[in-house]
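Step one of this worksheet: look at the structure below.
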Amino acid sequence: MNQIEQIDIPQVIEKMTGRTTRPVTTSRARQDNFARRTFFVFTLLPVLLILIVTIALLARSWPILKAYPLSDLLFGTVWKPTNGQFGFWPFILGTFWVTAVGVLLAVPPCILTSIYLAEYAHTKLRSTAKPILDLLAAIPPVVYGVWGLLAIVPFVDKVLAPLSDRWLGSVSIFSVNQPTGFGILAAGIVLAVMIAPLIISVMYEIFSTVPNDLRHASLAVGATQWQTIRNIVLPQVAPGILAAIVLGASRALGETIAVLMVVGNIPQSPTSIFDSAYPLPALIANNYGEMMSIPLYDSALLSAALVLLVIILIFNILSILIIQRMLRRKWS
Amino acid sequence: MLHSYSAPQQGQIMDSHIQVKNLNVYYGKQQALKNINIEIPKNQITVIMGPSGCGKTTLLKSLNRFLELNDGTQIDGEVLVDGQNIYDRDVDVTEVRKVVGLLAQRPSPLPMSIYDNVVYGMNIHRMKSDRKEYKAAVRHYLEIAGLWEEVHKRLHDPATSLSIGQQQRLCLARGLAVEPEIILGDEPTSALDPISSQNIESRLIELKQQYTTVIVTHTLRQAKRLADYVIYMYLGEVIEAGPAKEVFGNPQHERTRAYLEGQI
Ligand SMILES: Nc1ncnc2c1ncn2[C@@H]1O[C@H](COP(=O)(O)OP(=O)(O)OP(=O)(O)O)[C@@H](O)[C@H]1O
Ligand SMILES: [Mg+2]
């Protein structure tokens with residue numbers, strides 16, 4: 001009885017909403033209130049920025065969005081600005097191909113490496129590998145691009161393409177139609193190497209969030225280390241692993257300079273990993289600021305940027321939803 | 001001056017299950033155990049006591065080869081279980097840990113259901129052939145751990161939904177399910193409330209006919225309730241070891257006496 005009478009309604013509302021309902025009197029409370037508002041504003045800032053960028057891009061894209069139906073722009077396959085043809089489809093496809101190849105190449109070795117580093121490696125190896133990974137992550141993309149140009153493109157041209165032609169030539173995604181070395185595979189390899197340090201680093205951190213007590217509980221009943229990793233550790237970290245992959249993929253989706261140096265930059269709809277492609281970031285970087293006399297060209301490039309932004313946003317939102325679902329399933 | 005204790009001089013053990021011979025353990029350069037020689041009697045409760053940092057946990061972990069989970073530990077000497085040195089090169093460490101079970105200080109339920117926790121080790125060792133056998137075994141070990149009554153209606157709830165005391169009994173059931181011969185406990189009741197502690201103590205006493213039990217404890221009263229055999233350690237050495245009656249009643253060594261008196 002007593003308990004019920006004593007409930008303090010303003011306090012309950014405060015707890016539920018995080019908002020103060022009673023008059024603020026003391027200066028400490030005012031300070032607290034100020035701090036809370038400041039933090040709130042800074043939390044909102046990134047969201048605001050995305051909104052501002054989107055609106056700005058939308059405004060600049062407006063002329064071309066008005067001139068052509070959206071489906072013609074998104075799914076049009078011909079890019080001839082001088083003829084007034086602005087089809088983004090080859091670029092959208094190029095973006096997906098390059099990202100997919102990069103992520104597919106990077107993920108398996110990254111998972112194995114992070115398992116090894118987090119679960120098996122000696123402390124000494126761990127403490128040398130970590131700084132090296134951080135260093136790799138800090139190398140500027142243009143350096144990776146030069147390396148791709150000098151090493152990977154010839155390697156694809158002289159080694160991988162002939163091999164694939166010989167053994168896998170009948171499978172269309174492995175067939176060699178444009179034997180130059182420049183193309184999706186070269187870009188994918190460069191991207192994979194670029195995003196690997198980031199992915200490994202994040203995965204490693206995620207592995208180290210699993211308490212040792214759990215590993216020990218499993219080892220104590222006579223499980224091997226691999227059984228412990230497979231049965232206990234991996235199920236725990238699965239959502240985190242996915243998050244690390246998403247992070248790497250987002251990086252790959254937006255990567256510009258290293259990709260455009262090795263991808264060939266031909267606006268076509270690729271069908272094989274040896275084909276050249278022309279991802280959206282490369283399109284924008286290569287052409288923005290040039291030939292601006294062509295009508296609607298500027299607007300077209302900015303709407304390409306808008307498309308890229310929307311792709312990245314949708315990709316991230318979908319991933320967050322999936323990860324949340326996995327987490328919820330884990331705790332229920 | 002401290003004299004390291006050597007087993008044969010004092011009350012001989014009729015039937016020893018574990019023999020530790022000339023065991024020295026180093027964490028890096030720091031020596032944590034110094035020339036340990038002890039015997040641990042079969043199917044009795046042995047209690048390891050001593051001030052904080054004296055090496056109790058280290059000694060316990062040397063018995064199921066948990067020391068090697070830390071990088072940079074160096075282990076010299078022998079630990080014989082049923083006459084077999086568990087540090088021999090051709091010994092399978094998972095076999096050692098199957099025979100020598102461990103009850104941790106903090107309950108560590110695996111992130112799965114109550115049922116799956118008990119099944120976990122049996123499954124690892126493929127000890128049963130079908131679901132019915134697993135079901136029966138789960139019931140059996142939960143009964144032994146004194147948990148069946150409380151959980152049999154919610155076997156498929158997550159183990160973390162249990163109270164801390166229940167979790168510790170679940171961990172006991174999980175450990176017993178792989179049919180060990182030896183149970184190690186590193187202060188297994190220190191995280192528990194008095195009633196849950198008492199519950200675990202009763203289980204250990206019930207089980208001692210079938211299992212050799214080695215417990216580290218900080219509470220003298222618990223030691224007195226449980227111990228058949230006592231090992232007193234100080235600064236990495238075993239100072240005194242013997243049957244509980246002798247050690248508690250008439251400690252031979254000055255340090256032991258001081259510890260026993262200081263604690264009451
Ligand atoms: N992983 C480790 N690395 C380095 N030194 C360690 C490690 N674990 C223990 N030690 C050291 O070894 C000595 C013995 O430690 P141990 O944990 O065995 O003591 P304990 O008797 O169990 O103490 P407590 O009663 O506080 O649990 C201590 O001096 C401790 O600092
Ligand atoms: Mg300890």
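How things are named: the first chain in the structure tokens is A, the next is B, and so on; residues count from 1 in each chain; ligands count from 1 in the order shown.
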Practice item. Identify, counting only C-alpha atoms and all ligand atoms, the protein, DNA and RNA residues located within 10 Å of ligand 2, and give them as a list in words. Key: Gly50, Pro51, Ser52, Gly53, Cys54, Gly55, Lys56, Thr57, Thr58, Leu59, Leu60, Lys61, Gln105, Asp186, Glu187, Val216, Thr217 and His218 of chain B
Exercise for review: Pull out every residue of chain B that has at least one atom within 10 Å of chain A, counting only C-alpha atoms, and report them as a ChimeraX atom specification.
Suggested key: /B:64-66,69-72,92-112,117,120-125,157-158,160,171,174-180
**Study point:** Contact residues around segment 74-91 of chain A with only C-alpha atoms at 9 Å, ignoring same-chain residues under 6 positions, as a ChimeraX atom specification
**Key:** /A:68,266-270,277-283,294-297,300,304,307
Review point. What separation in Å, quoted to one decimal, exists between atom CA of Arg131 of chain B and atom CA of Trp226 of chain A?
Key: 24.4 Å
Alpha helix (DSSP H) positions in segment 70-250 of chain B, given as an mmCIF file with C-alpha atoms, in the first residue's frame:
```
data_model
loop_
_atom_site.group_PDB
_atom_site.id
_atom_site.type_symbol
_atom_site.label_atom_id
_atom_site.label_comp_id
_atom_site.auth_asym_id
_atom_site.auth_seq_id
_atom_site.Cartn_x
_atom_site.Cartn_y
_atom_site.Cartn_z
ATOM 1 C CA VAL B 93 45.381 -32.681 -22.788
ATOM 2 C CA THR B 94 41.660 -33.019 -23.506
ATOM 3 C CA GLU B 95 41.731 -36.451 -21.895
ATOM 4 C CA VAL B 96 43.355 -34.949 -18.800
ATOM 5 C CA ARG B 97 40.652 -32.310 -18.565
ATOM 6 C CA LYS B 98 37.950 -34.896 -19.025
ATOM 7 C CA VAL B 99 39.290 -36.837 -16.061
ATOM 8 C CA ILE B 114 20.224 -25.352 -19.363
ATOM 9 C CA TYR B 115 19.829 -28.665 -21.143
ATOM 10 C CA ASP B 116 22.554 -27.905 -23.680
ATOM 11 C CA ASN B 117 24.944 -26.889 -20.925
ATOM 12 C CA VAL B 118 24.744 -30.335 -19.368
ATOM 13 C CA VAL B 119 24.916 -32.038 -22.744
ATOM 14 C CA TYR B 120 27.868 -29.926 -23.926
ATOM 15 C CA GLY B 121 30.752 -32.029 -22.640
ATOM 16 C CA MET B 122 29.039 -35.357 -23.286
ATOM 17 C CA ASN B 123 28.517 -34.251 -26.856
ATOM 18 C CA ILE B 124 32.142 -33.204 -27.255
ATOM 19 C CA ARG B 131 18.601 -38.386 -27.589
ATOM 20 C CA LYS B 132 17.002 -40.636 -25.034
ATOM 21 C CA GLU B 133 20.328 -41.386 -23.430
ATOM 22 C CA TYR B 134 21.211 -37.704 -23.370
ATOM 23 C CA LYS B 135 17.879 -36.863 -21.794
ATOM 24 C CA ALA B 136 18.330 -39.458 -19.106
ATOM 25 C CA ALA B 137 21.878 -38.294 -18.430
ATOM 26 C CA VAL B 138 20.818 -34.649 -18.170
ATOM 27 C CA ARG B 139 18.239 -35.603 -15.595
ATOM 28 C CA HIS B 140 20.706 -37.782 -13.720
ATOM 29 C CA TYR B 141 23.388 -35.117 -13.419
ATOM 30 C CA LEU B 142 20.954 -32.316 -12.631
ATOM 31 C CA GLU B 143 19.639 -34.504 -9.822
ATOM 32 C CA ILE B 144 23.129 -35.130 -8.510
ATOM 33 C CA TRP B 148 16.543 -30.990 -11.160
ATOM 34 C CA GLU B 149 13.573 -30.064 -8.996
ATOM 35 C CA GLU B 150 14.082 -26.389 -9.702
ATOM 36 C CA VAL B 151 14.659 -26.524 -13.446
ATOM 37 C CA ILE B 164 23.982 -17.342 -9.550
ATOM 38 C CA GLY B 165 23.718 -20.208 -7.073
ATOM 39 C CA GLN B 166 21.745 -22.283 -9.546
ATOM 40 C CA GLN B 167 24.262 -21.482 -12.242
ATOM 41 C CA GLN B 168 27.064 -22.850 -10.102
ATOM 42 C CA ARG B 169 25.157 -26.087 -9.551
ATOM 43 C CA LEU B 170 24.538 -26.233 -13.297
ATOM 44 C CA CYS B 171 28.287 -25.911 -13.839
ATOM 45 C CA LEU B 172 28.782 -28.763 -11.384
ATOM 46 C CA ALA B 173 26.328 -30.892 -13.357
ATOM 47 C CA ARG B 174 28.056 -29.974 -16.612
ATOM 48 C CA GLY B 175 31.421 -30.968 -15.164
ATOM 49 C CA LEU B 176 30.150 -34.240 -13.705
ATOM 50 C CA PRO B 194 25.320 -18.447 2.188
ATOM 51 C CA ILE B 195 22.427 -20.770 1.330
ATOM 52 C CA SER B 196 23.764 -21.503 -2.152
ATOM 53 C CA SER B 197 27.232 -22.056 -0.701
ATOM 54 C CA GLN B 198 25.833 -24.523 1.772
ATOM 55 C CA ASN B 199 24.033 -26.241 -1.058
ATOM 56 C CA ILE B 200 27.255 -26.653 -3.049
ATOM 57 C CA GLU B 201 29.094 -27.841 0.062
ATOM 58 C CA SER B 202 26.467 -30.516 0.678
ATOM 59 C CA ARG B 203 26.787 -31.672 -2.928
ATOM 60 C CA LEU B 204 30.565 -31.951 -2.595
ATOM 61 C CA ILE B 205 30.235 -33.962 0.596
ATOM 62 C CA GLU B 206 27.685 -36.282 -1.005
ATOM 63 C CA LEU B 207 29.958 -36.779 -3.970
ATOM 64 C CA LEU B 220 38.470 -21.496 7.557
ATOM 65 C CA ARG B 221 35.009 -22.570 8.621
ATOM 66 C CA GLN B 222 34.303 -23.974 5.201
ATOM 67 C CA ALA B 223 37.656 -25.729 5.277
ATOM 68 C CA LYS B 224 36.767 -27.314 8.585
ATOM 69 C CA ARG B 225 33.372 -28.422 7.335
ATOM 70 C CA LEU B 226 34.718 -29.966 4.150
ATOM 71 C CA ALA B 244 42.374 -32.429 8.589
ATOM 72 C CA LYS B 245 42.179 -33.622 12.187
ATOM 73 C CA GLU B 246 45.927 -33.386 12.620
ATOM 74 C CA VAL B 247 46.451 -30.088 10.858
ATOM 75 C CA PHE B 248 43.538 -28.329 12.519
ATOM 76 C CA GLY B 249 44.033 -29.967 15.893
#
```
Check your understanding: When you draw a straight line from atom CA of Ser127 of chain A to atom CA of Cys110 of chain A, how long is it in Å?
Key ->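 These atoms are spaced 17.5 Å apart.
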Practice item. Fewer than 4 positions away in the same chain doesn't count, so skip those; otherwise give me all residues within 10 Å of Ala59 of chain A, counting only C-alpha atoms, as a PyMOL selection string. Key: chain A and resi 53-55+63+65+299+302-303
Check your understanding: How many Å separate atom CA of Ile206 of chain A from atom CA of Met194 of chain A?
Key ->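 Atom CA of Met194 of chain A lies 19.9 Å from atom CA of Ile206 of chain A.
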Review point. Out of segment 100-209 of chain B, which residues get strand (DSSP E) from DSSP, as number ranges by chain?
Key: B: 100-103, 182-186
Check your understanding: Could you pull the residues within 12 Å of Leu136 of chain A, counting only C-alpha atoms, minus those fewer than 2 positions along the same chain, as a PyMOL selection string?
Key -> chain A and resi 129-134+138-141+143-144+193-201
Practice item. Kindly indicate which residue among A:Leu73, A:Val156, A:Ile245, A:Leu44 lies nearest to Gly181 of chain A, using only C-alpha atoms for the distances. Key: A:Val156
Practice item. Using only C-alpha atoms, determine which residues lie at most 8 Å from segment 253-259 of chain B, disregarding the query and same-chain residues fewer than 4 positions distant; provide the list as number ranges by chain. Key: B: 50, 232, 239-240, 263
